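K.L.:
Below is the file run_11.cif, with mmCIF, C-alpha atoms and all ligand atoms.
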```cif
data_query
loop_
_atom_site.label_atom_id
_atom_site.label_comp_id
_atom_site.auth_asym_id
_atom_site.auth_seq_id
_atom_site.Cartn_x
_atom_site.Cartn_y
_atom_site.Cartn_z
CA MET A 1 36.69 -24.14 -11.03
CA ASP A 2 34.71 -27.35 -11.36
CA ILE A 3 31.02 -26.55 -11.36
CA GLU A 4 29.85 -30.12 -11.82
CA LEU A 5 27.43 -30.56 -8.93
CA SER A 6 28.17 -33.35 -6.45
CA SER A 7 25.35 -35.40 -4.93
CA GLU A 8 25.62 -33.23 -1.76
CA ASP A 9 25.28 -30.09 -3.89
CA LEU A 10 22.28 -31.52 -5.72
CA ALA A 11 20.69 -32.36 -2.36
CA PHE A 12 21.36 -28.78 -1.22
CA ARG A 13 19.78 -27.44 -4.41
CA ASP A 14 16.68 -29.55 -3.82
CA GLU A 15 16.49 -28.32 -0.22
CA VAL A 16 16.69 -24.69 -1.40
CA ARG A 17 13.98 -25.30 -4.01
CA GLN A 18 11.76 -26.97 -1.43
CA PHE A 19 12.26 -24.08 1.00
CA PHE A 20 11.24 -21.55 -1.65
CA LYS A 21 8.21 -23.67 -2.55
CA ASP A 22 7.09 -24.19 1.05
CA ASN A 23 7.44 -20.51 1.89
CA ALA A 24 6.16 -18.91 -1.30
CA TYR A 25 3.82 -15.93 -1.02
CA LYS A 26 0.16 -16.90 -1.33
CA PRO A 27 -2.36 -14.39 -2.67
CA GLY A 28 -4.24 -12.91 0.27
CA ASP A 29 -1.28 -13.17 2.69
CA ASP A 30 -0.30 -9.96 4.47
CA TYR A 31 2.78 -9.14 2.39
CA ASN A 32 4.78 -7.43 5.15
CA GLN A 33 4.12 -10.21 7.64
CA TRP A 34 5.00 -12.85 5.04
CA ARG A 35 8.24 -10.98 4.30
CA LEU A 36 9.36 -10.84 7.94
CA ASP A 37 8.31 -14.47 8.53
CA TRP A 38 10.23 -15.55 5.42
CA PHE A 39 13.46 -14.09 6.74
CA LYS A 40 12.80 -15.61 10.17
CA LYS A 41 12.35 -19.06 8.65
CA ALA A 42 15.41 -18.58 6.45
CA ARG A 43 17.34 -17.76 9.60
CA GLU A 44 16.12 -20.93 11.27
CA LYS A 45 17.57 -22.90 8.32
CA GLY A 46 20.98 -21.86 9.62
CA GLY A 47 21.75 -18.39 8.29
CA TRP A 48 19.93 -18.55 4.96
CA ASP A 49 18.65 -15.03 5.66
CA VAL A 50 22.23 -13.69 5.50
CA PRO A 51 24.02 -15.99 3.03
CA LYS A 52 27.07 -13.77 2.67
CA TRP A 53 27.65 -13.02 6.35
CA PRO A 54 30.59 -14.77 7.99
CA LYS A 55 29.77 -17.76 10.14
CA ASP A 56 30.85 -15.92 13.30
CA PHE A 57 28.04 -13.44 12.70
CA GLY A 58 25.43 -16.08 11.93
CA GLY A 59 26.03 -16.71 8.22
CA PRO A 60 25.66 -20.25 6.84
CA GLY A 61 29.33 -20.78 5.96
CA TRP A 62 28.49 -22.16 2.53
CA THR A 63 30.99 -23.33 -0.04
CA PRO A 64 31.36 -21.28 -3.25
CA THR A 65 29.25 -23.89 -5.05
CA GLN A 66 26.46 -23.53 -2.51
CA HIS A 67 26.55 -19.75 -2.99
CA TYR A 68 26.40 -20.31 -6.72
CA ILE A 69 23.39 -22.61 -6.35
CA TRP A 70 21.66 -20.11 -4.07
CA GLU A 71 22.16 -17.30 -6.61
CA GLN A 72 20.81 -19.48 -9.40
CA GLU A 73 17.77 -20.53 -7.43
CA THR A 74 16.96 -17.09 -6.02
CA ALA A 75 16.98 -15.68 -9.56
CA ARG A 76 14.20 -18.10 -10.46
CA ALA A 77 12.12 -17.80 -7.29
CA THR A 78 10.04 -14.90 -5.99
CA LEU A 79 11.76 -13.79 -2.83
CA PRO A 80 10.58 -11.08 -0.46
CA TRP A 81 11.54 -7.55 -1.20
CA ASP A 82 14.99 -6.71 0.22
CA MET A 83 17.26 -3.69 -0.16
CA PRO A 84 21.04 -4.15 -0.40
CA PHE A 85 21.92 -1.29 1.91
CA GLY A 86 21.44 -3.07 5.25
CA VAL A 87 22.44 -6.74 5.09
CA GLY A 88 24.69 -6.38 2.05
CA MET A 89 26.39 -3.05 2.58
CA VAL A 90 26.46 -1.44 6.01
CA ALA A 91 26.46 -4.74 7.93
CA PRO A 92 29.90 -5.84 6.64
CA ILE A 93 31.28 -2.44 7.70
CA ILE A 94 29.79 -2.70 11.17
CA MET A 95 31.15 -6.24 11.48
CA GLY A 96 34.58 -5.23 10.24
CA TYR A 97 35.11 -1.86 11.85
CA GLY A 98 32.32 -1.25 14.39
CA ASN A 99 32.79 -1.98 18.08
CA GLU A 100 30.97 -4.75 19.91
CA GLU A 101 28.33 -2.40 21.28
CA GLN A 102 27.55 -1.19 17.74
CA GLN A 103 27.41 -4.73 16.44
CA GLN A 104 24.93 -5.69 19.13
CA ARG A 105 22.91 -2.54 18.60
CA PHE A 106 22.59 -2.55 14.81
CA LEU A 107 23.06 -6.04 13.39
CA PRO A 108 19.93 -7.75 14.84
CA ASP A 109 17.50 -5.22 13.28
CA ILE A 110 19.41 -5.24 10.00
CA ARG A 111 19.20 -9.00 9.95
CA ALA A 112 15.48 -9.05 10.81
CA ARG A 113 14.79 -6.49 8.02
CA THR A 114 12.83 -4.33 10.45
CA VAL A 115 14.81 -1.18 9.61
CA ASN A 116 15.59 0.35 6.22
CA TRP A 117 18.96 1.86 5.40
CA CYS A 118 20.19 4.23 2.71
CA GLN A 119 23.68 5.12 1.52
CA GLY A 120 24.73 8.77 1.89
CA TYR A 121 27.91 8.94 -0.17
CA SER A 122 27.38 10.96 -3.37
CA GLU A 123 27.09 14.73 -3.35
CA PRO A 124 26.80 17.34 -6.06
CA GLY A 125 30.46 17.52 -7.12
CA ALA A 126 31.42 14.23 -5.46
CA GLY A 127 30.31 11.15 -7.41
CA SER A 128 33.12 9.39 -9.27
CA ASP A 129 35.47 11.63 -7.35
CA LEU A 130 33.85 10.67 -4.07
CA ALA A 131 36.74 11.76 -1.88
CA SER A 132 35.92 15.39 -2.77
CA LEU A 133 32.85 15.22 -0.55
CA LYS A 134 32.10 18.29 1.53
CA THR A 135 29.29 17.39 3.95
CA LYS A 136 30.80 18.64 7.15
CA ALA A 137 30.69 16.99 10.58
CA VAL A 138 31.97 19.06 13.49
CA LEU A 139 32.53 17.46 16.88
CA SER A 140 30.82 19.33 19.72
CA GLU A 141 33.05 20.88 22.38
CA ASP A 142 32.09 18.27 24.96
CA GLY A 143 32.84 15.51 22.42
CA SER A 144 29.36 13.99 22.77
CA HIS A 145 28.06 14.50 19.22
CA TYR A 146 28.78 15.71 15.71
CA VAL A 147 26.86 18.50 14.01
CA VAL A 148 26.41 17.63 10.34
CA ASN A 149 25.70 20.08 7.51
CA GLY A 150 25.64 19.40 3.78
CA GLN A 151 23.83 17.80 0.89
CA LYS A 152 23.70 14.22 -0.38
CA ILE A 153 22.31 13.35 -3.79
CA TRP A 154 20.99 10.29 -5.66
CA THR A 155 20.27 8.72 -2.30
CA THR A 156 18.26 5.59 -3.15
CA ALA A 157 15.35 4.91 -0.78
CA ALA A 158 16.12 7.87 1.51
CA HIS A 159 12.37 8.55 1.57
CA ILE A 160 11.68 5.18 3.23
CA ALA A 161 14.90 4.84 5.21
CA ASP A 162 15.20 4.83 9.00
CA TRP A 163 18.98 5.20 8.90
CA MET A 164 21.63 6.50 6.56
CA PHE A 165 25.27 5.43 6.58
CA CYS A 166 27.01 8.57 5.64
CA LEU A 167 30.44 9.82 4.65
CA THR A 168 31.24 13.18 6.19
CA ARG A 169 34.25 15.48 6.26
CA THR A 170 35.76 16.09 9.67
CA ASP A 171 39.06 17.51 8.43
CA ASP A 172 40.02 19.23 5.19
CA SER A 173 43.62 20.09 5.98
CA GLY A 174 45.31 17.04 4.40
CA LYS A 175 44.83 14.73 1.42
CA LYS A 176 41.18 14.56 0.44
CA GLN A 177 40.97 10.82 1.27
CA GLU A 178 41.97 11.67 4.81
CA GLY A 179 39.61 13.47 7.16
CA ILE A 180 36.52 11.49 6.07
CA THR A 181 34.41 10.03 8.86
CA PHE A 182 31.78 7.27 8.65
CA LEU A 183 28.61 8.10 10.59
CA LEU A 184 25.32 6.29 11.11
CA ILE A 185 22.55 8.88 11.05
CA PRO A 186 18.91 8.35 12.05
CA MET A 187 16.76 9.75 9.23
CA LYS A 188 13.66 10.63 11.23
CA GLN A 189 14.97 13.71 12.99
CA GLU A 190 15.01 17.46 12.79
CA GLY A 191 17.37 18.94 10.21
CA ILE A 192 16.93 16.20 7.62
CA GLU A 193 14.94 17.03 4.53
CA VAL A 194 14.40 14.48 1.76
CA LYS A 195 13.35 15.66 -1.69
CA PRO A 196 12.43 13.26 -4.50
CA ILE A 197 14.21 13.06 -7.84
CA ILE A 198 12.11 11.47 -10.60
CA THR A 199 14.36 9.54 -12.96
CA LEU A 200 14.19 8.99 -16.73
CA GLY A 201 12.03 5.86 -16.39
CA GLY A 202 9.42 7.87 -14.43
CA ASN A 203 10.18 6.34 -11.02
CA HIS A 204 10.84 7.77 -7.59
CA THR A 205 13.71 5.79 -6.12
CA VAL A 206 16.38 8.44 -5.63
CA ASN A 207 16.41 11.62 -3.59
CA THR A 208 18.33 14.65 -2.50
CA VAL A 209 18.97 14.74 1.24
CA TYR A 210 19.66 18.08 2.92
CA LEU A 211 21.32 17.98 6.33
CA THR A 212 21.09 21.11 8.44
CA ASP A 213 22.63 21.12 11.92
CA VAL A 214 21.88 17.41 12.31
CA LYS A 215 23.06 16.09 15.66
CA VAL A 216 24.72 12.67 15.55
CA PRO A 217 25.87 11.06 18.81
CA VAL A 218 29.55 10.15 18.80
CA GLU A 219 28.55 6.52 19.53
CA ASN A 220 27.24 6.42 15.94
CA ARG A 221 30.69 6.87 14.47
CA ILE A 222 32.14 3.71 12.95
CA GLY A 223 35.82 3.23 13.68
CA GLU A 224 38.17 6.14 13.99
CA GLU A 225 37.53 9.71 13.06
CA GLY A 226 39.16 10.48 9.69
CA LYS A 227 39.42 6.82 8.62
CA GLY A 228 36.05 6.58 6.86
CA TRP A 229 37.61 6.36 3.39
CA THR A 230 39.30 3.07 4.22
CA TYR A 231 36.01 1.59 5.45
CA ALA A 232 34.04 2.96 2.49
CA LYS A 233 36.45 1.53 -0.06
CA GLY A 234 35.89 -2.00 1.27
CA LEU A 235 32.16 -1.45 1.08
CA LEU A 236 32.30 -0.28 -2.55
CA GLN A 237 33.79 -3.62 -3.55
CA HIS A 238 30.96 -5.50 -1.80
CA GLU A 239 28.49 -3.19 -3.54
CA ARG A 240 30.00 -3.76 -6.98
CA THR A 241 30.00 -7.53 -6.67
CA GLY A 242 26.34 -7.40 -5.67
CA LEU A 243 25.31 -5.22 -8.61
CA ALA A 244 26.40 -7.62 -11.35
CA GLY A 245 23.17 -9.68 -11.06
CA LEU A 246 24.40 -12.42 -13.40
CA SER A 247 22.02 -15.15 -12.23
CA ARG A 248 19.07 -12.83 -12.74
CA SER A 249 20.42 -12.01 -16.20
CA LEU A 250 20.58 -15.71 -17.09
CA VAL A 251 16.89 -16.01 -16.23
CA ALA A 252 16.08 -12.73 -18.02
CA LEU A 253 17.90 -13.96 -21.11
CA GLU A 254 15.76 -17.10 -21.19
CA GLY A 255 12.70 -14.85 -20.90
CA LEU A 256 13.97 -12.66 -23.73
CA LYS A 257 14.35 -15.65 -26.05
CA GLU A 258 10.91 -16.93 -25.18
CA ASN A 259 9.39 -13.51 -25.78
CA ALA A 260 11.21 -13.13 -29.10
CA ARG A 261 9.81 -16.52 -30.17
CA SER A 262 6.32 -15.15 -29.60
CA VAL A 263 6.86 -12.24 -32.02
CA THR A 264 6.01 -12.95 -35.68
CA ARG A 265 8.66 -11.91 -38.18
CA GLY A 266 8.02 -12.79 -41.85
CA ASN A 267 7.20 -16.49 -41.98
CA GLY A 268 8.83 -17.22 -38.68
CA THR A 269 9.52 -15.49 -35.38
CA LEU A 270 11.93 -12.81 -34.25
CA MET A 271 14.28 -15.55 -33.04
CA ASP A 272 14.60 -16.71 -36.66
CA ASP A 273 15.82 -13.26 -37.67
CA GLY A 274 19.59 -13.57 -38.25
CA SER A 275 20.53 -10.15 -36.93
CA PHE A 276 18.44 -10.48 -33.76
CA ARG A 277 19.77 -13.99 -33.13
CA ALA A 278 23.34 -12.74 -33.52
CA LYS A 279 22.77 -10.08 -30.84
CA VAL A 280 21.25 -12.65 -28.49
CA ALA A 281 24.12 -15.08 -29.12
CA GLU A 282 26.75 -12.41 -28.46
CA LEU A 283 24.98 -11.50 -25.24
CA GLU A 284 24.86 -15.13 -24.13
CA VAL A 285 28.59 -15.63 -24.75
CA ASP A 286 29.43 -12.49 -22.73
CA LEU A 287 27.11 -13.57 -19.95
CA LEU A 288 28.73 -17.00 -19.65
CA ALA A 289 32.20 -15.45 -19.61
CA ALA A 290 31.14 -13.07 -16.83
CA GLU A 291 29.65 -15.98 -14.92
CA TYR A 292 33.03 -17.70 -14.87
CA THR A 293 34.60 -14.53 -13.45
CA GLU A 294 31.94 -14.56 -10.76
CA LEU A 295 32.76 -18.16 -9.91
CA ARG A 296 36.44 -17.28 -9.56
CA SER A 297 35.47 -14.39 -7.30
CA LEU A 298 33.31 -16.71 -5.16
CA ALA A 299 36.19 -19.16 -4.84
CA SER A 300 38.55 -16.48 -3.54
CA ALA A 301 35.85 -15.18 -1.17
CA GLN A 302 35.50 -18.70 0.20
CA ALA A 303 39.24 -18.76 0.82
CA GLY A 304 38.70 -15.71 3.03
CA ALA A 305 39.75 -12.95 0.63
CA ALA A 306 37.82 -9.67 0.52
CA PRO A 307 36.34 -8.86 -2.89
CA GLY A 308 39.20 -7.58 -5.04
CA PRO A 309 39.39 -5.67 -8.32
CA GLU A 310 37.50 -8.49 -10.07
CA SER A 311 34.42 -6.90 -8.52
CA SER A 312 34.98 -4.05 -11.02
CA ILE A 313 34.98 -6.51 -13.93
CA LEU A 314 31.74 -8.00 -12.65
CA LYS A 315 30.12 -4.60 -12.11
CA LEU A 316 31.16 -3.43 -15.59
CA LYS A 317 30.16 -6.54 -17.52
CA GLY A 318 27.13 -7.45 -15.38
CA THR A 319 25.47 -4.05 -15.70
CA GLU A 320 26.21 -3.79 -19.43
CA ILE A 321 24.61 -7.22 -19.89
CA GLN A 322 21.52 -6.11 -17.94
CA GLN A 323 21.26 -3.07 -20.20
CA ARG A 324 21.61 -5.15 -23.35
CA ILE A 325 18.81 -7.46 -22.19
CA GLN A 326 16.58 -4.43 -21.53
CA LYS A 327 17.45 -3.01 -24.95
CA LEU A 328 16.72 -6.25 -26.81
CA THR A 329 13.47 -6.66 -24.87
CA MET A 330 12.48 -3.17 -25.99
CA GLU A 331 13.44 -4.04 -29.56
CA ALA A 332 11.42 -7.25 -29.43
CA GLY A 333 8.38 -5.32 -28.20
CA GLY A 334 8.76 -2.85 -31.08
CA VAL A 335 6.39 0.13 -31.01
CA PHE A 336 4.39 -1.46 -28.19
CA SER A 337 7.34 -0.93 -25.85
CA ALA A 338 6.80 2.80 -26.11
CA ALA A 339 3.43 2.69 -24.32
CA TRP A 340 3.79 4.54 -21.04
CA GLY A 341 2.01 4.17 -17.72
CA ASP A 342 -0.36 1.44 -16.59
CA LYS A 343 -2.05 0.80 -19.92
CA SER A 344 -0.76 -2.12 -21.91
CA VAL A 345 -0.92 -2.62 -25.67
CA GLY A 346 0.54 -5.39 -27.80
CA PRO A 347 2.30 -8.40 -26.26
CA LYS A 348 2.27 -8.50 -22.46
CA PHE A 349 6.07 -8.55 -22.15
CA ALA A 350 6.34 -5.25 -24.06
CA ARG A 351 4.65 -3.33 -21.26
CA GLY A 352 7.04 -0.81 -19.78
CA GLY A 353 9.77 -1.84 -22.24
CA MET A 354 10.86 1.70 -22.97
CA ALA A 355 10.63 2.78 -19.30
CA GLY A 356 12.73 -0.25 -18.32
CA TYR A 357 15.28 0.56 -20.99
CA LEU A 358 15.54 4.19 -19.85
CA ALA A 359 15.80 3.19 -16.19
CA SER A 360 18.58 0.76 -17.09
CA ARG A 361 20.80 3.66 -18.20
CA ALA A 362 21.53 4.15 -14.50
CA TYR A 363 23.02 0.65 -14.05
CA THR A 364 26.35 1.71 -15.54
CA ILE A 365 26.42 4.87 -13.41
CA TYR A 366 25.53 3.87 -9.85
CA GLY A 367 27.94 1.88 -7.72
CA GLY A 368 30.73 3.59 -9.69
CA ALA A 369 30.41 4.57 -13.38
CA SER A 370 31.75 2.19 -16.06
CA GLU A 371 34.62 4.53 -16.94
CA VAL A 372 35.75 4.41 -13.32
CA GLN A 373 35.57 0.59 -13.29
CA LYS A 374 37.72 0.56 -16.43
CA ASP A 375 40.27 2.72 -14.61
CA VAL A 376 40.33 0.25 -11.69
CA ILE A 377 40.72 -2.72 -14.06
CA ALA A 378 43.49 -1.00 -16.03
CA LYS A 379 45.40 -0.19 -12.87
CA ASN A 380 44.77 -3.15 -10.58
CA VAL A 381 44.09 -6.04 -12.96
CA LEU A 382 46.12 -5.19 -16.06
CA GLY A 383 48.83 -3.28 -14.19
CA ILE A 384 48.76 -0.38 -16.66
CA LYS A 385 50.43 2.71 -15.26
CA ARG A 386 48.85 6.14 -15.67
CA SER A 387 50.64 8.30 -18.23
CA SER A 388 52.66 11.05 -16.60
CA LYS A 389 51.34 13.62 -19.11
C1 LIG B 1 19.77 5.51 -10.02
C2 LIG B 1 20.93 5.93 -9.17
C3 LIG B 1 20.97 5.54 -7.84
C4 LIG B 1 22.03 5.96 -7.03
N1 LIG B 1 22.00 5.63 -5.69
C5 LIG B 1 22.96 6.13 -4.87
C6 LIG B 1 22.88 5.93 -3.46
O1 LIG B 1 21.98 5.26 -2.94
N2 LIG B 1 23.83 6.50 -2.68
C7 LIG B 1 24.85 7.24 -3.18
O2 LIG B 1 25.69 7.70 -2.43
N3 LIG B 1 24.95 7.46 -4.52
C8 LIG B 1 24.02 6.94 -5.37
N4 LIG B 1 24.10 7.16 -6.73
C9 LIG B 1 25.17 8.04 -7.23
C10 LIG B 1 26.21 7.32 -8.07
O3 LIG B 1 27.09 6.58 -7.28
C11 LIG B 1 26.94 8.41 -8.88
O4 LIG B 1 26.00 8.93 -9.80
C12 LIG B 1 28.12 7.87 -9.61
O5 LIG B 1 29.17 7.56 -8.72
C13 LIG B 1 28.66 8.89 -10.66
O6 LIG B 1 28.87 10.13 -10.08
P1 LIG B 1 28.24 11.47 -10.71
O7 LIG B 1 26.78 11.23 -10.95
O8 LIG B 1 28.61 12.59 -9.82
O9 LIG B 1 28.91 11.63 -12.12
P2 LIG B 1 30.37 12.18 -12.41
O10 LIG B 1 31.32 11.59 -11.45
O11 LIG B 1 30.30 13.66 -12.50
O12 LIG B 1 30.64 11.57 -13.83
C14 LIG B 1 30.13 12.16 -15.03
C15 LIG B 1 30.72 11.39 -16.20
O13 LIG B 1 32.15 11.53 -16.20
C16 LIG B 1 32.77 10.26 -16.23
N5 LIG B 1 34.00 10.23 -15.43
C17 LIG B 1 34.14 10.64 -14.16
N6 LIG B 1 35.40 10.42 -13.72
C18 LIG B 1 36.07 9.82 -14.75
C19 LIG B 1 37.38 9.31 -14.91
N7 LIG B 1 38.28 9.36 -13.93
N8 LIG B 1 37.72 8.79 -16.11
C20 LIG B 1 36.82 8.72 -17.13
N9 LIG B 1 35.54 9.17 -17.01
C21 LIG B 1 35.17 9.71 -15.85
C22 LIG B 1 31.75 9.32 -15.63
O14 LIG B 1 31.94 8.00 -16.05
C23 LIG B 1 30.45 9.89 -16.16
O15 LIG B 1 30.19 9.41 -17.46
C24 LIG B 1 23.08 6.75 -7.57
C25 LIG B 1 23.05 7.11 -8.94
C26 LIG B 1 21.99 6.71 -9.73
C27 LIG B 1 21.97 7.15 -11.18
#
```
Is it possible to give me this structure as structure tokens?

P.N.:
Amino acid sequence: MDIELSSEDLAFRDEVRQFFKDNAYKPGDDYNQWRLDWFKKAREKGGWDVPKWPKDFGGPGWTPTQHYIWEQETARATLPWDMPFGVGMVAPIIMGYGNEEQQQRFLPDIRARTVNWCQGYSEPGAGSDLASLKTKAVLSEDGSHYVVNGQKIWTTAAHIADWMFCLTRTDDSGKKQEGITFLLIPMKQEGIEVKPIITLGGNHTVNTVYLTDVKVPVENRIGEEGKGWTYAKGLLQHERTGLAGLSRSLVALEGLKENARSVTRGNGTLMDDGSFRAKVAELEVDLLAAEYTELRSLASAQAGAAPGPESSILKLKGTEIQQRIQKLTMEAGGVFSAAWGDKSVGPKFARGGMAGYLASRAYTIYGGASEVQKDVIAKNVLGIKRSSK
């Protein structure tokens, strides 16, 4: 793909930059109000609040190059806080498989960022092997609602979520991929208990969610009963593409080099150290190669194709690259990276280096562990058949 920018593309890039500049957060602004206003103004630009949504649902209908420019520019700008679960994950499912009433009911709030969503897929015993999930949904006799019982785990942001999109089992008589039903569950209701899990980096982002006799109206079911696996699979590919974060890594890599240049090593800086430079160079080469895969993926998306198995390559390489940047940042900070909590010692960039590195261990687990991505690539990209042994 030719990524030489045309004069129209350069004009678009300038327009994006100007928009970010004009709408930047100013100290003293009410953050939440600024956030909602930002998305409103982005919407008024013609769907800039939902760049990846199809045009029919209000997306901007950009070319792959415009998407590429947007990614590059957003990585450099400070955008309002946004979670992927609404706009990026459940919305495409509602657009693709929900009925018109559901689209009208859910999409406006998702788009306005006035509701928070979480993803209720994983369970103890059902992570990589997601289809083994056991959270049970039983349809009431009058067919008006499901009664849901079970446990979800690693649920990011469940403690601040208004809604959870949830995979439940409605039938366990056939193949495990069959009999899974996709439900939208309001979180603020009786029978839902959210318990925090504190991760290695010391943060509270993930939770366990217990569901006990939770009533879910049948109108909250997406698509057909028992077909949830098909819908969820499509969503996983969207999720994986979004997790690669290559543009952010390009910016982070620049930051890493700059930080390493500020660290004295012998008569020079850490960037003059042959072994450190070699690691940075290797990282940069891998990052550029992954970026080209992303461009190919954008081109096929523009041609109307759903994300394919290349999303597994992006997830695998993109998250490994993020981890390597975290690791080299920790290395550059040396002992100062080990300082924990709010206190900072040594160079400013070293603060939280170790915590960041530990938190980054999760990148190659969530959204499908690396080993699972390698399985997908072996089967669907390389065409390698599983051994019959
Ligand atoms: C920080 C974080 C946030 C998360 N957020 C969410 C969320 O919001 N919603 C949600 O539903 N889930 C979430 N998850 C869960 C995540 O999707 C699962 O952790 C992941 O799918 C792996 O499942 P598991 O933890 O059960 O590990 P397991 O599936 O038990 O895997 C354990 C190990 O075995 C390996 N393994 C498994 N199967 C194979 C195979 N076929 N071949 C080779 N190796 C294999 C894995 O790679 C891994 O190393 C989150 C996880 C983390 C860490």

K.L.:
Hey, what's within 9 Å of Leu328 in chain A if we count all atoms listed in the file and toss same-chain stuff fewer than 6 positions away? As JSON, numbers by chain, please?

P.N.:
{"A": [256, 276, 279, 280]}

K.L.:
Filtering to C-alpha atoms, could you give me those residues as a short mmCIF file (atom, residue, chain, number, x, y, z; two decimals), in the frame of the given file?

P.N.:
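Once everything was written out, this is selection-v5.cif:
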```cif
data_model
loop_
_atom_site.label_atom_id
_atom_site.label_comp_id
_atom_site.auth_asym_id
_atom_site.auth_seq_id
_atom_site.Cartn_x
_atom_site.Cartn_y
_atom_site.Cartn_z
CA LEU A 256 13.97 -12.66 -23.73
CA PHE A 276 18.44 -10.48 -33.76
CA LYS A 279 22.77 -10.08 -30.84
CA VAL A 280 21.25 -12.65 -28.49
#
```

K.L.:
Using all atoms listed in the file, pick whichever of A:Gly341, A:Leu236, A:Ile325, A:Arg43 has the shortest atom-to-atom distance to Gln373 in chain A.

P.N.:
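Of the candidates, the smallest distance to Gln373 in chain A is held by A:Leu236.
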
K.L.:
Under the rule of at most 8 Å, produce a per-residue listing of chain A near ligand LIG 1 (chain B): chain, number, name, the closest pair of atoms, and the distance in Å, as JSON lines, using all atoms listed in the file.

P.N.:
```
{"residue": "A:Cys118", "atom": "CA", "partner": "B:LIG1", "partner_atom": "O1", "distance": 6.0}
{"residue": "A:Gln119", "atom": "CA", "partner": "B:LIG1", "partner_atom": "N2", "distance": 4.4}
{"residue": "A:Gly120", "atom": "CA", "partner": "B:LIG1", "partner_atom": "O2", "distance": 4.6}
{"residue": "A:Tyr121", "atom": "CA", "partner": "B:LIG1", "partner_atom": "O2", "distance": 3.4}
{"residue": "A:Ser122", "atom": "CA", "partner": "B:LIG1", "partner_atom": "O2", "distance": 3.8}
{"residue": "A:Glu123", "atom": "CA", "partner": "B:LIG1", "partner_atom": "O8", "distance": 7.0}
{"residue": "A:Pro124", "atom": "CA", "partner": "B:LIG1", "partner_atom": "O8", "distance": 6.3}
{"residue": "A:Gly125", "atom": "CA", "partner": "B:LIG1", "partner_atom": "O8", "distance": 5.9}
{"residue": "A:Ala126", "atom": "CA", "partner": "B:LIG1", "partner_atom": "O8", "distance": 5.4}
{"residue": "A:Gly127", "atom": "CA", "partner": "B:LIG1", "partner_atom": "O6", "distance": 3.2}
{"residue": "A:Ser128", "atom": "CA", "partner": "B:LIG1", "partner_atom": "O10", "distance": 3.6}
{"residue": "A:Asp129", "atom": "CA", "partner": "B:LIG1", "partner_atom": "O10", "distance": 5.8}
{"residue": "A:Leu130", "atom": "CA", "partner": "B:LIG1", "partner_atom": "O5", "distance": 7.3}
{"residue": "A:Lys152", "atom": "CA", "partner": "B:LIG1", "partner_atom": "O2", "distance": 7.1}
{"residue": "A:Ile153", "atom": "CA", "partner": "B:LIG1", "partner_atom": "N3", "distance": 6.5}
{"residue": "A:Trp154", "atom": "CA", "partner": "B:LIG1", "partner_atom": "C8", "distance": 4.5}
{"residue": "A:Thr155", "atom": "CA", "partner": "B:LIG1", "partner_atom": "O1", "distance": 3.9}
{"residue": "A:Thr156", "atom": "CA", "partner": "B:LIG1", "partner_atom": "O1", "distance": 3.7}
{"residue": "A:Ala157", "atom": "CA", "partner": "B:LIG1", "partner_atom": "O1", "distance": 7.0}
{"residue": "A:Ala158", "atom": "CA", "partner": "B:LIG1", "partner_atom": "O1", "distance": 7.8}
{"residue": "A:Thr199", "atom": "CA", "partner": "B:LIG1", "partner_atom": "C1", "distance": 7.4}
{"residue": "A:Thr205", "atom": "CA", "partner": "B:LIG1", "partner_atom": "C1", "distance": 7.2}
{"residue": "A:Val206", "atom": "CA", "partner": "B:LIG1", "partner_atom": "C3", "distance": 5.9}
{"residue": "A:Ala359", "atom": "CA", "partner": "B:LIG1", "partner_atom": "C1", "distance": 7.7}
{"residue": "A:Arg361", "atom": "CA", "partner": "B:LIG1", "partner_atom": "C27", "distance": 7.9}
{"residue": "A:Ala362", "atom": "CA", "partner": "B:LIG1", "partner_atom": "C27", "distance": 4.5}
{"residue": "A:Tyr363", "atom": "CA", "partner": "B:LIG1", "partner_atom": "C1", "distance": 7.1}
{"residue": "A:Ile365", "atom": "CA", "partner": "B:LIG1", "partner_atom": "C12", "distance": 5.1}
{"residue": "A:Tyr366", "atom": "CA", "partner": "B:LIG1", "partner_atom": "C10", "distance": 3.9}
{"residue": "A:Gly367", "atom": "CA", "partner": "B:LIG1", "partner_atom": "O3", "distance": 4.8}
{"residue": "A:Gly368", "atom": "CA", "partner": "B:LIG1", "partner_atom": "O5", "distance": 4.4}
{"residue": "A:Ala369", "atom": "CA", "partner": "B:LIG1", "partner_atom": "O14", "distance": 4.6}
{"residue": "A:Ser370", "atom": "CA", "partner": "B:LIG1", "partner_atom": "O14", "distance": 5.8}
{"residue": "A:Glu371", "atom": "CA", "partner": "B:LIG1", "partner_atom": "O14", "distance": 4.5}
{"residue": "A:Val372", "atom": "CA", "partner": "B:LIG1", "partner_atom": "C19", "distance": 5.4}
{"residue": "A:Asp375", "atom": "CA", "partner": "B:LIG1", "partner_atom": "N8", "distance": 6.8}
```

K.L.:
Can you tell me, as JSON, the centre and edge lengths (Å, one decimal) of the axis-aligned box enclosing all of range 144-154 of chain A's listed atoms after padding each side by 4 Å?

P.N.:
```
{"center_x": 25.2, "center_y": 15.2, "center_z": 8.6, "size_x": 16.4, "size_y": 17.8, "size_z": 36.4}
```

K.L.:
Could you build a table of the residues in range 261-342 of chain A lying no more than 9 Å from range 66-70 of chain A, giving for each the nearest pair of atoms and their separation in Å rounded to one decimal place, using only C-alpha atoms, ordered by chain and ascending residue number, as CSV?

P.N.:
```
residue,atom,partner,partner_atom,distance
A:Glu294,CA,A:Tyr68,CA,8.9
A:Leu295,CA,A:Tyr68,CA,7.4
A:Leu298,CA,A:His67,CA,7.7
```
